[in-house]
Structure formats: C-alpha cells, structure tokens
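These notes concern the structure reproduced below.
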Amino acid sequence: MMATAIVSESSPSRSGSIVELDNVTKEYQQGSLRVQALRGLSFQVEPGEFAAICGPSGSGKTTALNLIGALDQPTSGRVMLEGRDLSTMSRRELSHIRRDRIGFVFQAYNLLPVLTAYENAELVLALQGVDLDERRRRVMKLLADVGLEGMESRRPSELSGGQQQRVAIARAIAADPAVVLADEPTANVDSETACRLLDIMEKLNVDHGVTFIFSTHDPQVFERARRVIRVVDGRIESDVRQAGSAPSPAPSGDTGPTK
Ligand SMILES: Nc1ncnc2c1ncn2[C@@H]1O[C@H](COP(=O)(O)OP(=O)(O)OP(=O)(O)O)[C@@H](O)[C@H]1O
Ligand SMILES: [Mg+2]
C-alpha cells in the first residue's frame with residue numbers, strides 16, 4: 001500500500017511535530033531579479049495547535065504555507081510533514097500527501113464553480129474512494145457544522161463570500177487531514193463574517209483537535225490564535241504563544257466533523 005511505502009522511505013519524526021521547518025529559504029527568480037522570499041525560517045507546529053502566521057504584505061506568509069503544503073519546494077533547508085522530509089518524496093507521494101494529509105483553505109475560496117456546496121465538500125472523499133453512503137453522512141454533518149444546513153445544493157455563485165469560505169473549510173477538513181493550511185481565510189469577508197469563520201475554525205480545533213496554521217495580517221484574526229508567528233522580510237521576528245480566546249458556545253446539536 002502507498003502509505004506503507006511513504007512511511008518506510010522517510011526519516012522518522014524526531015519530535016512528533018506535524019510540521020517542521022528547518023532553516024528554510026526560498027528565492028524566486030523574477031527576470032534578472034532574485035527575490036529572497038524566505039531567509040532561514042525555522043519553526044515546528046505540534047498536533048492540535050491553532051497557529052497564525054502574521055506579518056506585512058510580501059513578508060513570506062503565502063510562500064511558507066505553499067512550502068508546508070508541498071505546493072512548492074524550498075531553495076534550501078528542510079520541510080517535514082508528520083516527520084517526513086518532503087524533499088525525499090516522489091511527485092506521486094506528494095500528491096497523495098496533499099490529498100490525504102493536508103486541507104487547504106485559500107483566500108479566494110477556490111471552489112469549483114460548477115459543483116454544488118455538497119459536491120465541493122465531497123470532492124476529496126470521492127477522490128479517496130470513500131463509499132457513497134459514508135461520504136453523504138460525513139459531508140452532510142460537516143456542512144451542518146459550518147452552518148450551511150439547507151444550502152447543500154447551492155453553487156458557489158449562489159453563496160456569500162463567508163458561506164463560500166465555510167464550504168472551503170468543510171472541504172478542507174472532510175478527509176480528516178493532519179493539518180489545515182489556510183492562507184488569509186478571512187481576507188475577502190467583512191469583519192463580522194471573519195469573526196464567525198474564526199468561531200468555526202476554533203470550534204473544530206478545540207472540540208475535534210483539528211490543527212490549523214493560518215496566515216493573516218488582520219489583528220482581529222491573529223489575536224484569536226493561540227500562537228502567533230510573526231514573519232517580517234522572510235524571517236521570524238517573534239513567535240509567541242498566547243492564551244486563546246474562550247471557545248465559542250457550541251451551535252445547536254453540538255455537532256462536529258465525523259471521523
Ligand atoms: N512566484 C513568484 N515569483 C517571484 N516573486 C514572488 C513569487 N511569489 C512571491 N514572490 C515574492 O516573494 C515575497 C513573499 O511573497 P508572499 O506571497 O509569500 O508574501 P505574503 O506575506 O503572503 O504577502 P501578502 O500578505 O501580500 O499575501 C514577495 O516579495 C513577493 O513579491
Ligand atoms: Mg499571501
């Protein structure tokens with residue numbers, strides 16, 4: 001089986017961290033110009049963390065998330081996911097990791113416009129070959145968890161920005177990933193909607209142990225993280241654990257994602 005092959009080819013985890021960056025640099029070539037996006041980034045994220053990467057525009061947040069999500073490769077240094085060095089993996093292994101172990105939430109939602117909310121949330125499970133009944137059970141519960149009950153058959157164009165981002169969150173956690181990477185998940189919504197999205201993420205984190213790493217430059221958002229990694233000019237300026245805000249009250253029915 002694929003998973004066995006992946007584990008046997010990788011170095012063992014030293015720390016039990018889900019994510020580990022070790023002196024990671026990233027350079028982009030822009031014509032004759034070299035852009036140093038990351039200049040030696042090192043940090044670890046443990047299971048169950050609710051961590052924000054914050055910093056000004058251009059500081060390297062998206063670059064860091066892309067490297068953790070195996071969407072891009074570092075120029076130097078090492079990125080480990082669940083103890084496995086991503087640079088040692090084949091393209092096929094990486095695509096399995098992206099599908100099975102990482103949930104992605106992007107600023108621009110990235111939902112497929114022709115699919116309904118239900119179908120978007122279901123996609124990864126379908127790709128994994130999870131059977132139809134199980135898929136239905138999980139996805140209906142998840143969509144209810146993120147407050148979209150009754151909107152399952154709407155297409156993204158028939159949903160508000162905040163509702164679309166909730167679909168994206170449901171999609172990201174549907175396959176029970178090791179970590180959800182969210183790049184500016186609240187950037188395109190108003191502050192009240194941002195607050196509600198944070199409530200949902202926080203609840204998934206607190207009640208169901210979903211690990212989140214999200215980027216933001218919005219203080220209203222990073223103040224709610226329990227850890228704030230501040231990146232400036234491709235380097236960590238500070239890495240502070242703070243008391244998280246109290247988890248918000250459970251929505252009616254106290255439902256959570258189905259494992
Ligand atoms: N594909 C690319 N080619 C060239 N330069 C790039 C590329 N992607 C990012 N950069 C540069 O790398 C630096 C870091 O970019 P990055 O997108 O990681 O910043 P960010 O912190 O996510 O910013 P924002 O808050 O605006 O999203 C910037 O100087 C950016 O211009
Ligand atoms: Mg960015």
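Here, A, B, ... name the chains of the structure tokens in the order displayed, residue numbers run from 1 inside each chain, and ligands are numbered from 1 in the same displayed order.
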(message) From a backbone DSSP assignment, name each residue in segment 3-252 of chain A labelled alpha helix (DSSP H), as a ChimeraX atom specification.
(response) /A:3-9,61-68,91-100,117-128,132-145,161-174,191-208,219-222
Residues of segment 32-101 of chain A that have any atom at most 10 Å from an atom of segment 116-129 of chain A: could you tabulate them with the shortest-distance atom pair and the distance in Å to one decimal, using only C-alpha atoms, ordered by chain and increasing number, as JSON lines?
{"residue": "A:His96", "atom": "CA", "partner": "A:Gln128", "partner_atom": "CA", "distance": 9.4}
{"residue": "A:Arg99", "atom": "CA", "partner": "A:Val124", "partner_atom": "CA", "distance": 6.8}
{"residue": "A:Asp100", "atom": "CA", "partner": "A:Gln128", "partner_atom": "CA", "distance": 7.8}
(request) Check which residues fall inside 9 Å of ligand 2 when counting only C-alpha atoms and all ligand atoms, and print them as a list in words. (result) Ser57, Gly58, Ser59, Gly60, Lys61, Thr62, Thr63, Leu65, Gln107, Asp183, Glu184, Ser215 and Thr216 of chain A
(message) If the limit is 12 Å from any atom of ligand 1, counting only C-alpha atoms and all ligand atoms, which residues qualify? Return them as a VMD selection string.
(response) chain A and resid 25 to 39 53 to 67 71 to 73 106 to 108 182 to 185 187 214 to 218 230 to 236
Using the selection just defined, write its residues with C-alpha atoms as a CSV table (one decimal), in the first residue's frame.
chain,number,residue,atom,x,y,z
A,25,THR,CA,15.0,29.7,2.4
A,26,LYS,CA,13.1,30.4,-0.8
A,27,GLU,CA,14.3,32.5,-3.7
A,28,TYR,CA,12.2,33.4,-6.7
A,29,GLN,CA,13.8,34.5,-9.9
A,30,GLN,CA,11.9,37.4,-11.5
A,31,GLY,CA,13.6,38.1,-14.8
A,32,SER,CA,17.1,39.2,-13.8
A,33,LEU,CA,16.0,40.0,-10.3
A,34,ARG,CA,16.3,37.5,-7.4
A,35,VAL,CA,13.7,37.8,-4.7
A,36,GLN,CA,14.5,36.4,-1.3
A,37,ALA,CA,11.1,35.5,0.0
A,38,LEU,CA,12.3,33.4,3.0
A,39,ARG,CA,15.6,33.9,4.6
A,53,ILE,CA,1.5,33.3,10.6
A,54,CYS,CA,1.2,37.1,10.5
A,55,GLY,CA,3.3,39.8,9.0
A,56,PRO,CA,3.1,42.6,6.4
A,57,SER,CA,2.3,42.1,2.8
A,58,GLY,CA,5.3,40.5,1.0
A,59,SER,CA,6.8,39.1,4.2
A,60,GLY,CA,6.6,35.5,3.0
A,61,LYS,CA,3.4,34.1,4.6
A,62,THR,CA,2.0,32.5,1.4
A,63,THR,CA,5.4,31.2,0.4
A,64,ALA,CA,5.7,29.5,3.8
A,65,LEU,CA,2.3,27.9,3.5
A,66,ASN,CA,2.9,26.8,0.0
A,67,LEU,CA,6.1,25.0,1.1
A,71,LEU,CA,2.9,23.1,-3.4
A,72,ASP,CA,6.4,24.4,-3.9
A,73,GLN,CA,10.0,23.5,-2.9
A,106,PHE,CA,-7.3,29.8,0.3
A,107,GLN,CA,-8.1,33.5,0.3
A,108,ALA,CA,-10.1,33.2,-2.9
A,182,ALA,CA,-5.4,28.5,5.5
A,183,ASP,CA,-4.0,31.4,3.6
A,184,GLU,CA,-5.8,34.6,4.6
A,185,PRO,CA,-9.0,32.7,5.1
A,187,ALA,CA,-9.3,38.4,3.7
A,214,PHE,CA,-3.4,30.2,9.0
A,215,SER,CA,-1.9,33.4,7.6
A,216,THR,CA,-3.4,36.8,8.2
A,217,HIS,CA,-2.4,40.4,8.5
A,218,ASP,CA,-5.6,41.2,10.4
A,230,ARG,CA,5.3,36.9,13.1
A,231,VAL,CA,7.3,36.9,9.9
A,232,VAL,CA,9.0,40.1,8.6
A,233,ASP,CA,11.1,40.1,5.4
A,234,GLY,CA,11.3,36.4,5.3
A,235,ARG,CA,12.5,35.9,8.8
A,236,ILE,CA,10.7,35.1,12.1
Need to verify the contact set: Val189 of chain A, 10 Å, only C-alpha atoms, exclusion of same-chain residues closer than 4 positions in sequence. Can you return it as a PDB file with C-alpha atoms, in the first residue's frame?
ATOM      1  CA  GLN A 107      -8.139  33.496   0.293  1.00  0.00           C
ATOM      2  CA  SER A 160     -21.988  34.818   0.011  1.00  0.00           C
ATOM      3  CA  GLY A 161     -18.222  35.133   0.470  1.00  0.00           C
ATOM      4  CA  GLY A 162     -18.425  33.933   4.052  1.00  0.00           C
ATOM      5  CA  GLN A 163     -20.629  30.987   3.065  1.00  0.00           C
ATOM      6  CA  GLN A 165     -15.350  30.137   2.743  1.00  0.00           C
ATOM      7  CA  PRO A 185      -9.025  32.743   5.096  1.00  0.00           C
ATOM      8  CA  THR A 193     -18.131  37.208   8.943  1.00  0.00           C
ATOM      9  CA  ALA A 194     -14.415  36.873   9.706  1.00  0.00           C
ATOM     10  CA  CYS A 195     -15.306  36.521  13.364  1.00  0.00           C
ATOM     11  CA  LEU A 197     -15.325  31.900  10.400  1.00  0.00           C
TER      12      LEU A 197
END
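The shortest atom-to-atom distance to Tyr109 of chain A, with only C-alpha atoms taken into account, belongs to A:Pro156 out of A:Gly69, A:Pro156, A:Gly77, A:Gly150.
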(request) Using DSSP on the backbone coordinates, identify all residues within segment 80-135 of chain A classified as strand (DSSP E or B); present the result as a ChimeraX atom specification. (result) /A:80-81,84-85,102-105
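Counting only C-alpha atoms and comparing A:Ile173, A:Val206, A:Leu41, A:Ile229, the residue that lies closest to Glu20 of chain A is A:Leu41.
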(message) With only C-alpha atoms as the counted atoms, please give the residues lying no more than 7 Å from Leu181 of chain A, apart from itself and same-chain residues fewer than 5 positions off, as a PyMOL selection string.
(response) chain A and resi 65+103-105+212-214
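Among A:Val24, A:Glu134, A:Ile102, A:Gly48, the residue with the shortest atom-to-atom distance to Arg78 of chain A, counting only C-alpha atoms, is A:Val24.
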